[in-house]
Amino acid sequence: MPVFAITRCVYDDDIKEELLDIKKLSLRILKKQKGFIGVKQFICEEMNEMVSVIEWETKEDHETSMESPDWDPVNSTWIALTQGGKITFEVNLFEAH
């Protein structure tokens, strides 16, 4: 049964372009992951918020992807932005019923 990883990222105005670059790189990485089905991304510019709905074949595929070294180019920047208070990020998994 497919699962959906729904992410929510709120970001500071001054990193919008950097975040869009990370989004593009992340899409390329996602497309190479086992079990990836598709993604829809939404940006609310008035609130500096981005939401992604990522569909996976299984929960295990999602979890394996998150541990993949393919994410190394993104992780260091992502961690720095989070620790620097430039973004807040959350991810939740949902199953279709």
# chains A, B, ... in the order shown; residues from 1 in each chain; ligands from 1
>>> residues_around(residues="Asn92 of chain A", least_positions_apart="2", cutoff="10 Å", atoms="only C-alpha atoms", output="count of residues only")
8
>>> closest_residue(among="A:Val39, A:Leu19, A:Ala96, A:Leu25", to="Thr82 of chain A", atoms="only C-alpha atoms")
A:Leu19
>>> select_by_dssp(residues="segment 16-62 of chain A", states="helix (DSSP H, G or I)", output="list in words")
Lys16, Glu17, Glu18, Leu19, Leu20, Asp21, Ile22, Lys23, Lys24, Leu25, Ser26, Leu27, Arg28, Ile29, Leu30, Lys59, Glu60, Asp61 and His62 of chain A
>>> write_last_selection(atoms="C-alpha atoms", output="tab-separated table (two decimals), in the first residue's frame")
chain	number	residue	atom	x	y	z
A	16	LYS	CA	14.12	31.73	-0.74
A	17	GLU	CA	16.41	31.36	-3.78
A	18	GLU	CA	18.72	28.96	-1.94
A	19	LEU	CA	15.72	26.87	-0.90
A	20	LEU	CA	14.44	26.73	-4.49
A	21	ASP	CA	17.87	25.45	-5.60
A	22	ILE	CA	17.72	22.76	-2.90
A	23	LYS	CA	14.21	21.84	-4.09
A	24	LYS	CA	15.46	21.30	-7.65
A	25	LEU	CA	18.35	19.12	-6.50
A	26	SER	CA	16.03	17.19	-4.17
A	27	LEU	CA	13.68	16.39	-7.05
A	28	ARG	CA	16.55	14.89	-9.04
A	29	ILE	CA	17.55	12.79	-6.03
A	30	LEU	CA	13.98	11.64	-5.35
A	59	LYS	CA	7.01	2.95	4.18
A	60	GLU	CA	10.27	1.00	3.95
A	61	ASP	CA	11.10	2.64	0.60
A	62	HIS	CA	10.67	6.06	2.18
>>> closest_residue(among="A:Gln33, A:Asn48, A:Gly38, A:Pro2", to="Asp14 of chain A", atoms="only C-alpha atoms")
A:Asn48
>>> select_by_dssp(residues="segment 4-87 of chain A", states="strand (DSSP E or B)", output="PyMOL selection string")
chain A and resi 4-11+36-44+49-56+87
>>> residues_around(residues="Phe89 of chain A", least_positions_apart="4", cutoff="12 Å", atoms="only C-alpha atoms", output="VMD selection string")
chain A and resid 6 to 11 49 to 52 78 to 79 81 to 83 85
>>> atom_distance(atom1="atom CA of Glu63 of chain A", atom2="atom CA of Lys40 of chain A")
18.9 Å
>>> atom_distance(atom1="atom CA of Glu67 of chain A", atom2="atom CA of Asp13 of chain A")
29.2 Å
>>> closest_residue(among="A:Trp56, A:Phe36, A:Phe42, A:Trp71", to="Glu95 of chain A", atoms="only C-alpha atoms")
A:Trp56
>>> closest_residue(among="A:Leu93, A:Lys34, A:Met47, A:Asn75", to="Val3 of chain A", atoms="only C-alpha atoms")
A:Leu93
>>> closest_residue(among="A:Val74, A:Ile87, A:Ile37, A:Ile43", to="Thr58 of chain A", atoms="only C-alpha atoms")
A:Ile37
>>> decode(residues="segment 3-94 of chain A", atoms="C-alpha atoms", output="PDB file, in the first residue's frame")
ATOM      1  CA  VAL A   3       2.463   5.885   1.754  1.00  0.00           C
ATOM      2  CA  PHE A   4       2.686   9.646   1.534  1.00  0.00           C
ATOM      3  CA  ALA A   5       5.419  11.689   3.171  1.00  0.00           C
ATOM      4  CA  ILE A   6       4.022  15.157   3.692  1.00  0.00           C
ATOM      5  CA  THR A   7       6.678  17.734   4.432  1.00  0.00           C
ATOM      6  CA  ARG A   8       6.224  21.296   5.626  1.00  0.00           C
ATOM      7  CA  CYS A   9       9.023  23.841   5.491  1.00  0.00           C
ATOM      8  CA  VAL A  10       8.729  27.432   6.714  1.00  0.00           C
ATOM      9  CA  TYR A  11      11.661  29.597   5.673  1.00  0.00           C
ATOM     10  CA  ASP A  12      13.116  33.056   6.156  1.00  0.00           C
ATOM     11  CA  ASP A  13      12.636  35.442   3.242  1.00  0.00           C
ATOM     12  CA  ASP A  14      16.367  35.875   2.631  1.00  0.00           C
ATOM     13  CA  ILE A  15      16.954  32.193   1.752  1.00  0.00           C
ATOM     14  CA  LYS A  16      14.118  31.732  -0.745  1.00  0.00           C
ATOM     15  CA  GLU A  17      16.414  31.356  -3.782  1.00  0.00           C
ATOM     16  CA  GLU A  18      18.721  28.958  -1.941  1.00  0.00           C
ATOM     17  CA  LEU A  19      15.718  26.873  -0.896  1.00  0.00           C
ATOM     18  CA  LEU A  20      14.438  26.726  -4.490  1.00  0.00           C
ATOM     19  CA  ASP A  21      17.870  25.450  -5.603  1.00  0.00           C
ATOM     20  CA  ILE A  22      17.720  22.762  -2.903  1.00  0.00           C
ATOM     21  CA  LYS A  23      14.211  21.845  -4.086  1.00  0.00           C
ATOM     22  CA  LYS A  24      15.456  21.303  -7.649  1.00  0.00           C
ATOM     23  CA  LEU A  25      18.346  19.116  -6.502  1.00  0.00           C
ATOM     24  CA  SER A  26      16.033  17.188  -4.174  1.00  0.00           C
ATOM     25  CA  LEU A  27      13.677  16.393  -7.051  1.00  0.00           C
ATOM     26  CA  ARG A  28      16.545  14.890  -9.043  1.00  0.00           C
ATOM     27  CA  ILE A  29      17.550  12.792  -6.034  1.00  0.00           C
ATOM     28  CA  LEU A  30      13.980  11.643  -5.354  1.00  0.00           C
ATOM     29  CA  LYS A  31      13.495  10.434  -8.915  1.00  0.00           C
ATOM     30  CA  LYS A  32      16.409   8.002  -8.480  1.00  0.00           C
ATOM     31  CA  GLN A  33      15.097   6.421  -5.273  1.00  0.00           C
ATOM     32  CA  LYS A  34      13.631   2.917  -5.157  1.00  0.00           C
ATOM     33  CA  GLY A  35       9.897   2.985  -4.550  1.00  0.00           C
ATOM     34  CA  PHE A  36       9.434   6.660  -5.419  1.00  0.00           C
ATOM     35  CA  ILE A  37       6.131   7.183  -7.230  1.00  0.00           C
ATOM     36  CA  GLY A  38       5.693  10.939  -7.504  1.00  0.00           C
ATOM     37  CA  VAL A  39       5.670  14.305  -5.794  1.00  0.00           C
ATOM     38  CA  LYS A  40       3.531  17.422  -5.707  1.00  0.00           C
ATOM     39  CA  GLN A  41       5.005  20.604  -4.300  1.00  0.00           C
ATOM     40  CA  PHE A  42       3.178  23.718  -3.179  1.00  0.00           C
ATOM     41  CA  ILE A  43       4.604  27.110  -2.256  1.00  0.00           C
ATOM     42  CA  CYS A  44       2.714  29.808  -0.369  1.00  0.00           C
ATOM     43  CA  GLU A  45       4.813  32.902  -0.921  1.00  0.00           C
ATOM     44  CA  GLU A  46       2.733  35.057   1.410  1.00  0.00           C
ATOM     45  CA  MET A  47       3.692  32.788   4.310  1.00  0.00           C
ATOM     46  CA  ASN A  48       7.151  31.636   3.114  1.00  0.00           C
ATOM     47  CA  GLU A  49       5.967  28.052   3.309  1.00  0.00           C
ATOM     48  CA  MET A  50       6.562  25.021   1.103  1.00  0.00           C
ATOM     49  CA  VAL A  51       4.615  21.760   1.356  1.00  0.00           C
ATOM     50  CA  SER A  52       5.520  18.578  -0.504  1.00  0.00           C
ATOM     51  CA  VAL A  53       3.444  15.428  -0.854  1.00  0.00           C
ATOM     52  CA  ILE A  54       5.763  12.574  -1.801  1.00  0.00           C
ATOM     53  CA  GLU A  55       4.254   9.213  -2.719  1.00  0.00           C
ATOM     54  CA  TRP A  56       6.186   6.008  -2.021  1.00  0.00           C
ATOM     55  CA  GLU A  57       5.379   2.384  -2.789  1.00  0.00           C
ATOM     56  CA  THR A  58       6.041   1.418   0.847  1.00  0.00           C
ATOM     57  CA  LYS A  59       7.011   2.946   4.179  1.00  0.00           C
ATOM     58  CA  GLU A  60      10.270   0.997   3.952  1.00  0.00           C
ATOM     59  CA  ASP A  61      11.098   2.636   0.598  1.00  0.00           C
ATOM     60  CA  HIS A  62      10.671   6.063   2.179  1.00  0.00           C
ATOM     61  CA  GLU A  63      12.822   5.140   5.179  1.00  0.00           C
ATOM     62  CA  THR A  64      15.549   3.615   2.996  1.00  0.00           C
ATOM     63  CA  SER A  65      15.615   6.708   0.807  1.00  0.00           C
ATOM     64  CA  MET A  66      16.055   9.000   3.798  1.00  0.00           C
ATOM     65  CA  GLU A  67      19.202   7.055   4.763  1.00  0.00           C
ATOM     66  CA  SER A  68      20.642   7.120   1.236  1.00  0.00           C
ATOM     67  CA  PRO A  69      24.035   8.781   0.697  1.00  0.00           C
ATOM     68  CA  ASP A  70      22.444  10.384  -2.379  1.00  0.00           C
ATOM     69  CA  TRP A  71      21.199  13.067   0.036  1.00  0.00           C
ATOM     70  CA  ASP A  72      24.697  14.054   1.215  1.00  0.00           C
ATOM     71  CA  PRO A  73      24.901  17.122  -1.102  1.00  0.00           C
ATOM     72  CA  VAL A  74      21.641  18.437   0.390  1.00  0.00           C
ATOM     73  CA  ASN A  75      21.999  17.396   4.026  1.00  0.00           C
ATOM     74  CA  SER A  76      24.860  19.675   5.038  1.00  0.00           C
ATOM     75  CA  THR A  77      23.069  22.778   3.726  1.00  0.00           C
ATOM     76  CA  TRP A  78      19.752  21.633   5.179  1.00  0.00           C
ATOM     77  CA  ILE A  79      21.278  21.045   8.628  1.00  0.00           C
ATOM     78  CA  ALA A  80      23.005  24.449   8.588  1.00  0.00           C
ATOM     79  CA  LEU A  81      19.758  26.230   7.665  1.00  0.00           C
ATOM     80  CA  THR A  82      17.826  24.377  10.363  1.00  0.00           C
ATOM     81  CA  GLN A  83      20.400  24.958  13.086  1.00  0.00           C
ATOM     82  CA  GLY A  84      20.739  28.589  12.041  1.00  0.00           C
ATOM     83  CA  GLY A  85      17.006  29.097  12.503  1.00  0.00           C
ATOM     84  CA  LYS A  86      16.486  29.954   8.808  1.00  0.00           C
ATOM     85  CA  ILE A  87      13.964  27.123   8.312  1.00  0.00           C
ATOM     86  CA  THR A  88      11.682  24.900  10.310  1.00  0.00           C
ATOM     87  CA  PHE A  89      10.893  21.521   8.829  1.00  0.00           C
ATOM     88  CA  GLU A  90       8.621  18.615   9.610  1.00  0.00           C
ATOM     89  CA  VAL A  91       7.693  15.401   7.860  1.00  0.00           C
ATOM     90  CA  ASN A  92       4.772  13.073   8.591  1.00  0.00           C
ATOM     91  CA  LEU A  93       3.843   9.763   6.971  1.00  0.00           C
ATOM     92  CA  PHE A  94       0.289   8.935   5.953  1.00  0.00           C
TER      93      PHE A  94
END
